[in-house]
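Participant: Take a look at this one; I'll ask things after.
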Amino acid sequence: MIPTEFLKSREKIQEKKAKRLTQKELMNRASRASHTPGSRMVVTKGYERDVYVSEYAKRRANGVCQLCEEPAPFHTKKGEPYLETHHIEWLSKGGEDTIENTVALCPNCHRRMHSLNAKKDVEKLKVVASKN
Ligand SMILES: [Zn+2]
Ligand SMILES: [Zn+2]
């Protein structure tokens, strides 16, 4: 078994290579791709999040994303606004699973935080999470 981090970093290297190809080269490679994806057994390190912290953060958000301040993009089958909880200081980087470090975000903003983690956004979320 190999760690997911390894697969991801290899994928990143390949993505960089793919970006440098000309349209023709890319077309060539893409059309020769095997139709069935390869599969590997991987191990992922997971974190046990506190469900009460998560529920508290969602209730505090009251159906509104705490970054873009727009209403949740859809409701779950149970009729609850769909928001995802995010740890401002990532758990993988030693962040705490507390209400002061947890916010509720729409999927867009959640991706944004994991992709950019822009300082301005982080600061905004810290202020939001410090209010009860
Ligand atoms: Zn949002
Ligand atoms: Zn997150």
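Labels for the structure tokens follow display order: chains A, B, ..., residues from 1 in each chain, ligands from 1.
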Around ligand 2, which protein and nucleic acid residues have at least one atom no more than 6 Å from it, if we count only C-alpha atoms and all ligand atoms? List them as a list in words.
Facilitator: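 Here is the list of contacting residues: His86, His87 and His110 of chain A.
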Participant: Compile a residue-level contact table for chain A against ligand 1 at a cut-off of 8 Å, reporting for every qualifying residue the shortest atom pair and its distance in Å to one decimal, with only C-alpha atoms and all ligand atoms counted, rows ordered by chain and ascending number, as a tab-separated table.
Facilitator:
residue	atom	partner	partner_atom_place_in_ligand_line	distance
A:Val64	CA	ligand 1	1 (Zn)	7.9
A:Cys65	CA	ligand 1	1 (Zn)	4.6
A:Gln66	CA	ligand 1	1 (Zn)	6.5
A:Leu67	CA	ligand 1	1 (Zn)	5.1
A:Cys68	CA	ligand 1	1 (Zn)	4.1
A:Glu69	CA	ligand 1	1 (Zn)	6.1
A:Glu70	CA	ligand 1	1 (Zn)	6.0
A:Pro71	CA	ligand 1	1 (Zn)	8.0
A:Ala72	CA	ligand 1	1 (Zn)	7.6
A:Leu105	CA	ligand 1	1 (Zn)	5.3
A:Cys106	CA	ligand 1	1 (Zn)	4.3
A:Pro107	CA	ligand 1	1 (Zn)	6.9
A:Asn108	CA	ligand 1	1 (Zn)	5.7
A:Cys109	CA	ligand 1	1 (Zn)	4.3
A:His110	CA	ligand 1	1 (Zn)	7.2
Participant: From the list A:Glu84, A:Thr44, A:Val128, A:Asp50, which residue is nearest Pro3 of chain A when using only C-alpha atoms?
Facilitator: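 Once distances to Pro3 of chain A are computed over only C-alpha atoms, the minimum belongs to A:Thr44.
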Participant: Using only C-alpha atoms, which of A:Lys24, A:Lys124, A:Lys58, A:Lys16 sits nearest Ile88 of chain A?
Facilitator: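 Ranking A:Lys24, A:Lys124, A:Lys58, A:Lys16 by distance to Ile88 of chain A, first place goes to A:Lys124.
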Participant: Using only C-alpha atoms, which of A:Leu21, A:Leu7, A:Ile13, A:Leu83 sits nearest Glu55 of chain A?
Facilitator: A:Leu83
Participant: Hey, what does DSSP flag as helix (DSSP H, G or I) within chain A? Can you give it to me as an mmCIF file with C-alpha atoms, in the first residue's frame?
Facilitator:
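Done, and the output landed in states.cif:
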data_model
loop_
_atom_site.group_PDB
_atom_site.id
_atom_site.type_symbol
_atom_site.label_atom_id
_atom_site.label_comp_id
_atom_site.auth_asym_id
_atom_site.auth_seq_id
_atom_site.Cartn_x
_atom_site.Cartn_y
_atom_site.Cartn_z
ATOM 1 C CA THR A 4 -2.224 9.050 -0.857
ATOM 2 C CA GLU A 5 0.304 11.887 -0.566
ATOM 3 C CA PHE A 6 2.634 9.935 -2.811
ATOM 4 C CA LEU A 7 -0.024 9.385 -5.468
ATOM 5 C CA LYS A 8 -0.970 13.051 -5.330
ATOM 6 C CA SER A 9 2.571 14.338 -5.713
ATOM 7 C CA ARG A 10 3.158 12.012 -8.658
ATOM 8 C CA GLU A 11 -0.062 13.255 -10.227
ATOM 9 C CA LYS A 12 1.113 16.855 -9.779
ATOM 10 C CA ILE A 13 4.356 16.146 -11.615
ATOM 11 C CA GLN A 14 2.453 14.525 -14.467
ATOM 12 C CA GLU A 15 0.011 17.430 -14.594
ATOM 13 C CA LYS A 16 2.922 19.829 -15.015
ATOM 14 C CA LYS A 17 4.274 17.749 -17.879
ATOM 15 C CA ALA A 18 0.844 17.626 -19.526
ATOM 16 C CA LYS A 19 0.541 21.421 -19.340
ATOM 17 C CA ARG A 20 3.752 21.832 -21.327
ATOM 18 C CA GLN A 23 -2.231 20.693 -28.423
ATOM 19 C CA LYS A 24 -1.186 18.012 -30.924
ATOM 20 C CA GLU A 25 1.024 16.119 -28.487
ATOM 21 C CA LEU A 26 -1.673 16.332 -25.862
ATOM 22 C CA MET A 27 -4.292 14.998 -28.278
ATOM 23 C CA ASN A 28 -1.962 12.140 -29.126
ATOM 24 C CA ARG A 29 -1.392 11.162 -25.520
ATOM 25 C CA ALA A 30 -4.993 11.631 -24.470
ATOM 26 C CA SER A 31 -6.347 9.454 -27.257
ATOM 27 C CA ARG A 32 -3.855 6.702 -26.443
ATOM 28 C CA VAL A 51 -19.343 16.097 15.522
ATOM 29 C CA TYR A 52 -20.462 18.661 18.103
ATOM 30 C CA VAL A 53 -17.867 21.180 16.952
ATOM 31 C CA SER A 54 -18.993 20.640 13.367
ATOM 32 C CA GLU A 55 -22.687 20.944 14.216
ATOM 33 C CA TYR A 56 -22.039 24.084 16.252
ATOM 34 C CA ALA A 57 -20.124 25.695 13.389
ATOM 35 C CA LYS A 58 -22.932 24.915 10.945
ATOM 36 C CA ARG A 59 -25.641 26.252 13.226
ATOM 37 C CA ARG A 60 -23.618 29.396 13.843
ATOM 38 C CA ALA A 61 -23.382 29.928 10.066
ATOM 39 C CA LEU A 91 -5.737 19.727 11.193
ATOM 40 C CA SER A 92 -2.945 18.280 9.070
ATOM 41 C CA LYS A 93 -0.822 21.262 10.086
ATOM 42 C CA ILE A 99 -15.219 26.061 17.488
ATOM 43 C CA GLU A 100 -12.699 28.926 17.350
ATOM 44 C CA ASN A 101 -10.885 27.144 14.537
ATOM 45 C CA PRO A 107 -18.165 23.993 -1.433
ATOM 46 C CA ASN A 108 -16.733 26.730 -3.662
ATOM 47 C CA CYS A 109 -15.154 28.665 -0.839
ATOM 48 C CA HIS A 110 -14.010 25.439 0.803
ATOM 49 C CA ARG A 111 -12.087 24.518 -2.365
ATOM 50 C CA ARG A 112 -10.795 28.061 -2.549
ATOM 51 C CA MET A 113 -9.352 27.785 0.969
ATOM 52 C CA HIS A 114 -7.653 24.486 0.186
ATOM 53 C CA SER A 115 -6.382 25.731 -3.138
ATOM 54 C CA LYS A 119 -4.104 35.381 3.981
ATOM 55 C CA LYS A 120 -6.987 37.838 3.629
ATOM 56 C CA ASP A 121 -9.532 34.999 3.652
ATOM 57 C CA VAL A 122 -7.838 33.301 6.602
ATOM 58 C CA GLU A 123 -7.950 36.544 8.581
ATOM 59 C CA LYS A 124 -11.628 37.064 7.773
ATOM 60 C CA LEU A 125 -12.515 33.541 8.865
ATOM 61 C CA LYS A 126 -10.580 33.929 12.105
ATOM 62 C CA VAL A 127 -12.680 36.961 12.994
ATOM 63 C CA VAL A 128 -15.902 35.145 12.075
ATOM 64 C CA ALA A 129 -14.979 32.060 14.101
ATOM 65 C CA SER A 130 -14.117 34.102 17.164
#
Participant: Mind checking DSSP for segment 2-127 of chain A and telling me the strand (DSSP E) residues as a ChimeraX atom specification?
Facilitator: /A:2-3,42-43,84-87,102-105
Participant: Using N, CA, C and O atoms, can you write the selected residues to a file as a PDB file, in the first residue's frame?
Facilitator:
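Result written to again.pdb:
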ATOM      1  N   ILE A   2       0.401   2.263  -0.698  1.00  0.00           N
ATOM      2  CA  ILE A   2       1.165   3.503  -0.755  1.00  0.00           C
ATOM      3  C   ILE A   2       0.330   4.665  -0.209  1.00  0.00           C
ATOM      4  O   ILE A   2      -0.883   4.661  -0.335  1.00  0.00           O
ATOM      5  N   PRO A   3       0.991   5.626   0.416  1.00  0.00           N
ATOM      6  CA  PRO A   3       0.232   6.754   0.976  1.00  0.00           C
ATOM      7  C   PRO A   3      -0.376   7.624  -0.114  1.00  0.00           C
ATOM      8  O   PRO A   3       0.206   7.773  -1.182  1.00  0.00           O
ATOM      9  N   VAL A  42      -4.460   2.361  -1.488  1.00  0.00           N
ATOM     10  CA  VAL A  42      -3.764   3.476  -0.854  1.00  0.00           C
ATOM     11  C   VAL A  42      -4.181   3.613   0.609  1.00  0.00           C
ATOM     12  O   VAL A  42      -5.266   3.188   1.008  1.00  0.00           O
ATOM     13  N   VAL A  43      -3.298   4.178   1.387  1.00  0.00           N
ATOM     14  CA  VAL A  43      -3.651   4.468   2.778  1.00  0.00           C
ATOM     15  C   VAL A  43      -3.771   5.975   2.956  1.00  0.00           C
ATOM     16  O   VAL A  43      -2.960   6.734   2.463  1.00  0.00           O
ATOM     17  N   GLU A  84     -20.018  22.999   4.279  1.00  0.00           N
ATOM     18  CA  GLU A  84     -18.966  22.086   4.744  1.00  0.00           C
ATOM     19  C   GLU A  84     -18.160  22.767   5.842  1.00  0.00           C
ATOM     20  O   GLU A  84     -17.923  23.972   5.776  1.00  0.00           O
ATOM     21  N   THR A  85     -17.760  21.991   6.838  1.00  0.00           N
ATOM     22  CA  THR A  85     -16.958  22.613   7.896  1.00  0.00           C
ATOM     23  C   THR A  85     -15.488  22.585   7.490  1.00  0.00           C
ATOM     24  O   THR A  85     -15.005  21.648   6.873  1.00  0.00           O
ATOM     25  N   HIS A  86     -14.823  23.665   7.831  1.00  0.00           N
ATOM     26  CA  HIS A  86     -13.416  23.829   7.472  1.00  0.00           C
ATOM     27  C   HIS A  86     -12.633  24.288   8.700  1.00  0.00           C
ATOM     28  O   HIS A  86     -13.117  25.108   9.472  1.00  0.00           O
ATOM     29  N   HIS A  87     -11.454  23.746   8.863  1.00  0.00           N
ATOM     30  CA  HIS A  87     -10.590  24.179   9.950  1.00  0.00           C
ATOM     31  C   HIS A  87      -9.647  25.257   9.419  1.00  0.00           C
ATOM     32  O   HIS A  87      -8.918  25.016   8.454  1.00  0.00           O
ATOM     33  N   THR A 102     -13.054  26.520  13.600  1.00  0.00           N
ATOM     34  CA  THR A 102     -13.918  25.863  12.625  1.00  0.00           C
ATOM     35  C   THR A 102     -14.952  26.828  12.056  1.00  0.00           C
ATOM     36  O   THR A 102     -15.562  27.588  12.796  1.00  0.00           O
ATOM     37  N   VAL A 103     -15.106  26.803  10.746  1.00  0.00           N
ATOM     38  CA  VAL A 103     -16.118  27.617  10.075  1.00  0.00           C
ATOM     39  C   VAL A 103     -16.913  26.749   9.118  1.00  0.00           C
ATOM     40  O   VAL A 103     -16.493  25.638   8.787  1.00  0.00           O
ATOM     41  N   ALA A 104     -18.069  27.254   8.669  1.00  0.00           N
ATOM     42  CA  ALA A 104     -18.890  26.533   7.696  1.00  0.00           C
ATOM     43  C   ALA A 104     -18.839  27.296   6.378  1.00  0.00           C
ATOM     44  O   ALA A 104     -19.087  28.498   6.339  1.00  0.00           O
ATOM     45  N   LEU A 105     -18.475  26.574   5.315  1.00  0.00           N
ATOM     46  CA  LEU A 105     -18.285  27.213   4.009  1.00  0.00           C
ATOM     47  C   LEU A 105     -19.087  26.517   2.928  1.00  0.00           C
ATOM     48  O   LEU A 105     -19.376  25.320   3.026  1.00  0.00           O
TER      49      LEU A 105
END
